[in-house]
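In what follows, a structure is listed as structure tokens, so that the remarks can point back to it.
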Amino acid sequence: MLKSADGYVSGQEIADSLGVSRTAVWKTVTALKNEGYNIISTKNRGYKLNTEGDVLNARELLGLGGHAFYERLTSTNDMAKRFALDGCKEFFFVAANSQTAGKGRLGREWESPHNKNIYISVVLYPDIGFESVAQITLISGLAVVKTIRDMTKADAKIKWPNDVLINGKKVVGILTEMQAEVNRILFAVVGIGINVNQTVFDDELKEKATSILLESGIKYKRSEMIAKLMQMLKEYYKIFCEKGFGVFLDEYKKICINLDREVTAVSKGQRINGIAVDISENGELVIDTGDGLVNISSGEATLRTDS
Ligand code: BT5
């Protein structure tokens with residue numbers, strides 16, 4: 001009722017329309033305030049919801065299709081894998097308000113403070129070969145960039161393969177994991193962490209991480225961003241399944257910051273220095289080492305100007 005009201009709603013009005021006591025209304029409003037909703041109570045006028053607030057909970061995600069929401073979780077990726085093993089539907093997602101063991105790639109950590117950011121993992125059942133799985137990360141990155149650009153106008157870019165940066169600082173990380181049998185993929189889980197409203201980072205991250213709030217000055221609602229992200233991800237993934245990665249190549253190259261820059265890539269334990277000259281039809285980074293072109297399909301590609 002408070003959400004759809006234009007201004008104040010009296011406690012009596014709420015009580016009458018729901019057939020409950022004024023005390024019950026007051027108790028519920030207090031509970032909602034404790035959840036983080038910014039509800040103003042004014043004597044003789046009633047209650048008013050300040051819509052600027054950003055609350056993420058199961059209620060705010062209602063209507064977004066199959067999903068599970070947790071206040072605190074070790075890792076949304078790990079939980080999404082469990083749902084996948086239980087045979088959940090494609091695009092089922094797990095979201096959390098914080099992670100106690102958020103994961104990056106190669107055993108690294110993903111800082112996941114409470115109530116600030118988006119931590120979401122989406123289950124997919126791609127009917128593709130192993131060699132194409134890395135492309136799921138790339139199209140997920142595109143969907144995230146489109147979401148951020150459309151909603152916030154921030155100049156989000158991709159650092160191949162899985163980082164989204166604004167003004168050179170990391171704002172999103174993507175971790176794609178999969179489970180497979182010898183000759184087929186059983187499922188893939190795309191985990192996406194978006195720094196939305198975090199303003200303080202620890203010393204290790206201060207120089208290289210940022211958030212949408214820090215870059216735009218605006219506090220966005222995570223639930224709205226998740227809705228848009230899921231919409232974009234479904235759109236991009238469906239096209240990807242029908243037509244492959246090639247159709248996204250131009251779009252990807254336009255926002256990929258590695259191109260024409262010196263990079264050091266580490267792939268399968270090997271260090272490769274050179275200039276990133278292209279992205280291939282398969283989504284590989286093409287590096288000119290001076291001795292020829294090398295394509296790498298996954299790994300790291302540190303920009304030389306990075307520390
Ligand atoms: C990634 O790894 O960038 C993938 C991160 C994926 C996180 C999501 S959150 C939802 C889902 N559930 C999970 O458990 N994970 C996924 P990588 O490229 O390895 O980058 C990790 C590095 O980024 C760390 O070593 C830090 O230097 C840095 N980092 C950690 N937390 C960060 C943060 N919140 N913002 C920016 N950078 C961060």
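For the structure tokens, the naming scheme is as follows: chains receive sequential letters (A, B, ...) according to their order of presentation, residues are indexed from 1 within each chain, and ligands are indexed from 1 in presentation order.
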Next item on the list: Check the DSSP output for the backbone and give back, as JSON, numbers by chain, the residues of stretch 95-229 of chain A in strand (DSSP E or B).
Entry: {"A": [95, 96, 99, 103, 109, 118, 119, 120, 121, 122, 123, 124, 156, 157, 158, 159, 163, 164, 165, 166, 169, 170, 171, 172, 173, 174, 175, 176, 177, 178, 179, 180, 181, 184, 185, 186, 187, 188, 189, 190, 191, 192, 193, 194, 209]}
Notebook entry, point to check: Among stretch 88-214 of chain A, which ones does DSSP place in alpha helix (DSSP H), written as a ChimeraX atom specification?
Noted result: /A:133-152,203-206,212-214
Check: When the cut-off is 7 Å and you count only C-alpha atoms and all ligand atoms, which residues lie near ligand 1, shown as JSON, numbers by chain?
Finding: {"A": [75, 76, 77, 78, 101, 102, 103, 104, 105, 106, 108, 109, 110, 111, 112, 119, 120, 121, 162, 163, 170, 171, 172, 173, 174, 175, 191, 192, 193, 195, 205, 208, 209, 210]}
Now that the selection is made, can you save its residues with C-alpha atoms as a PDB file, in the first residue's frame?
ATOM      1  CA  SER A  75      28.603 -18.066  -2.145  1.00  0.00           C
ATOM      2  CA  THR A  76      25.643 -17.636  -4.495  1.00  0.00           C
ATOM      3  CA  ASN A  77      27.544 -19.722  -7.074  1.00  0.00           C
ATOM      4  CA  ASP A  78      27.796 -22.680  -4.710  1.00  0.00           C
ATOM      5  CA  ALA A 101      32.954 -16.747   1.104  1.00  0.00           C
ATOM      6  CA  GLY A 102      32.397 -14.894  -2.184  1.00  0.00           C
ATOM      7  CA  LYS A 103      34.636 -16.364  -4.856  1.00  0.00           C
ATOM      8  CA  GLY A 104      36.671 -14.876  -7.641  1.00  0.00           C
ATOM      9  CA  ARG A 105      38.540 -16.971 -10.175  1.00  0.00           C
ATOM     10  CA  LEU A 106      41.437 -19.252  -9.289  1.00  0.00           C
ATOM     11  CA  ARG A 108      40.589 -15.591  -5.175  1.00  0.00           C
ATOM     12  CA  GLU A 109      38.130 -13.821  -2.898  1.00  0.00           C
ATOM     13  CA  TRP A 110      35.255 -11.559  -3.839  1.00  0.00           C
ATOM     14  CA  GLU A 111      34.635  -8.928  -1.204  1.00  0.00           C
ATOM     15  CA  SER A 112      30.889  -9.093  -0.464  1.00  0.00           C
ATOM     16  CA  TYR A 119      25.622 -10.987  -5.656  1.00  0.00           C
ATOM     17  CA  ILE A 120      23.736 -13.159  -8.074  1.00  0.00           C
ATOM     18  CA  SER A 121      24.248 -16.517  -9.793  1.00  0.00           C
ATOM     19  CA  ASN A 162      35.441 -10.936 -17.205  1.00  0.00           C
ATOM     20  CA  ASP A 163      35.866  -7.544 -15.578  1.00  0.00           C
ATOM     21  CA  LYS A 170      36.619  -2.645 -11.398  1.00  0.00           C
ATOM     22  CA  VAL A 171      32.927  -2.466 -10.622  1.00  0.00           C
ATOM     23  CA  VAL A 172      31.826  -5.984 -11.653  1.00  0.00           C
ATOM     24  CA  GLY A 173      33.361  -9.435 -11.575  1.00  0.00           C
ATOM     25  CA  ILE A 174      31.962 -12.499 -13.330  1.00  0.00           C
ATOM     26  CA  LEU A 175      32.708 -16.098 -12.456  1.00  0.00           C
ATOM     27  CA  GLY A 191      28.019 -15.595 -10.928  1.00  0.00           C
ATOM     28  CA  ILE A 192      27.937 -11.825 -11.127  1.00  0.00           C
ATOM     29  CA  GLY A 193      29.051  -9.418  -8.426  1.00  0.00           C
ATOM     30  CA  ASN A 195      29.423  -3.054  -6.628  1.00  0.00           C
ATOM     31  CA  LEU A 205      41.056  -2.778  -3.232  1.00  0.00           C
ATOM     32  CA  LYS A 208      41.442  -0.646  -8.229  1.00  0.00           C
ATOM     33  CA  ALA A 209      37.789  -1.057  -7.244  1.00  0.00           C
ATOM     34  CA  THR A 210      34.825   1.260  -7.379  1.00  0.00           C
TER      35      THR A 210
END
Note to self: Using only C-alpha atoms, which protein or nucleic acid residues come within 9 Å of A:Ser297? Drop anything in the same chain fewer than 6 positions from it, and give the result as a PyMOL selection string.
What the structure shows: chain A and resi 131+134-135+161+267+282-286
Can I get the selection written as a short mmCIF file (atom, residue, chain, number, x, y, z; two decimals), in the first residue's frame, with C-alpha atoms?
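Produced file selection.cif, reproduced below:
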data_model
loop_
_atom_site.label_atom_id
_atom_site.label_comp_id
_atom_site.auth_asym_id
_atom_site.auth_seq_id
_atom_site.Cartn_x
_atom_site.Cartn_y
_atom_site.Cartn_z
CA GLU A 131 35.30 -24.72 -26.21
CA ALA A 134 34.15 -19.11 -21.96
CA GLN A 135 31.92 -17.16 -24.33
CA PRO A 161 37.48 -11.57 -20.34
CA SER A 267 47.25 -18.51 -20.05
CA ASN A 282 35.30 -17.26 -30.81
CA GLY A 283 35.89 -14.55 -28.25
CA GLU A 284 39.61 -15.17 -27.85
CA LEU A 285 42.01 -12.30 -27.20
CA VAL A 286 44.45 -12.01 -30.09
#
Notebook entry, point to check: Using only C-alpha atoms, which residues sit within 10 Å of A:Asn57 once same-chain residues fewer than 4 positions away are excluded, as JSON, numbers by chain?
Noted result: {"A": [35, 36, 61, 62, 69, 70, 71, 95, 96, 97, 115, 222, 223]}
Margin query: Which residue is closest to A:Ser10? Choose from A:Gly217, A:Gly168, A:Gly46, A:Gly274 and count only C-alpha atoms.
Written below: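 For A:Ser10, the nearest of the given residues is A:Gly46.
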Next item on the list: May I have the residues within 10 Å of stretch 14-23 of chain A as an NGL selection string, using only C-alpha atoms and disregarding those fewer than 4 positions away in the same chain?
Entry: :A and (1-2 or 9-10 or 27-29 or 46-47)
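Between atom CA of A:Leu249 and atom CA of A:Asn117 the interatomic distance comes to 29.1 Å.
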Next item on the list: Between A:Thr289, A:Thr302, A:Thr152, A:Asn183, single out the one closest to A:Ser216, counting only C-alpha atoms.
Entry: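 Once distances to A:Ser216 are computed over only C-alpha atoms, the minimum belongs to A:Thr152.
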Item checked: Long-range neighbours of A:Leu259 as a list in words, 9 Å cut-off, only C-alpha atoms, 4 positions minimum in chain -> Lys253, Ile275, Ala276, Val277, Asp278, Ile279 and Leu285 of chain A
Generate a file of the selected residues that holds N, CA and C atoms, formatted as an mmCIF file, in the first residue's frame.
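Written output follows (part.cif):
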data_model
loop_
_atom_site.group_PDB
_atom_site.id
_atom_site.type_symbol
_atom_site.label_atom_id
_atom_site.label_comp_id
_atom_site.auth_asym_id
_atom_site.auth_seq_id
_atom_site.Cartn_x
_atom_site.Cartn_y
_atom_site.Cartn_z
ATOM 1 N N LYS A 253 33.842 -5.566 -29.174
ATOM 2 C CA LYS A 253 35.088 -4.841 -29.474
ATOM 3 C C LYS A 253 34.964 -3.362 -29.133
ATOM 4 N N ILE A 275 50.819 -6.815 -27.819
ATOM 5 C CA ILE A 275 49.736 -5.840 -27.963
ATOM 6 C C ILE A 275 48.452 -6.591 -28.306
ATOM 7 N N ALA A 276 47.391 -6.282 -27.580
ATOM 8 C CA ALA A 276 46.102 -6.926 -27.878
ATOM 9 C C ALA A 276 45.565 -6.279 -29.149
ATOM 10 N N VAL A 277 45.485 -7.068 -30.215
ATOM 11 C CA VAL A 277 45.105 -6.458 -31.492
ATOM 12 C C VAL A 277 43.675 -6.768 -31.903
ATOM 13 N N ASP A 278 43.091 -7.809 -31.328
ATOM 14 C CA ASP A 278 41.750 -8.174 -31.814
ATOM 15 C C ASP A 278 41.064 -9.128 -30.829
ATOM 16 N N ILE A 279 39.763 -9.296 -31.048
ATOM 17 C CA ILE A 279 39.007 -10.371 -30.402
ATOM 18 C C ILE A 279 38.558 -11.273 -31.550
ATOM 19 N N LEU A 285 41.229 -13.527 -27.090
ATOM 20 C CA LEU A 285 42.008 -12.304 -27.203
ATOM 21 C C LEU A 285 43.197 -12.611 -28.111
#
Item checked: Atomic separation - atom CA of A:His67 relative to atom CA of A:Cys88, Å ->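 The value is 9.3 Å.
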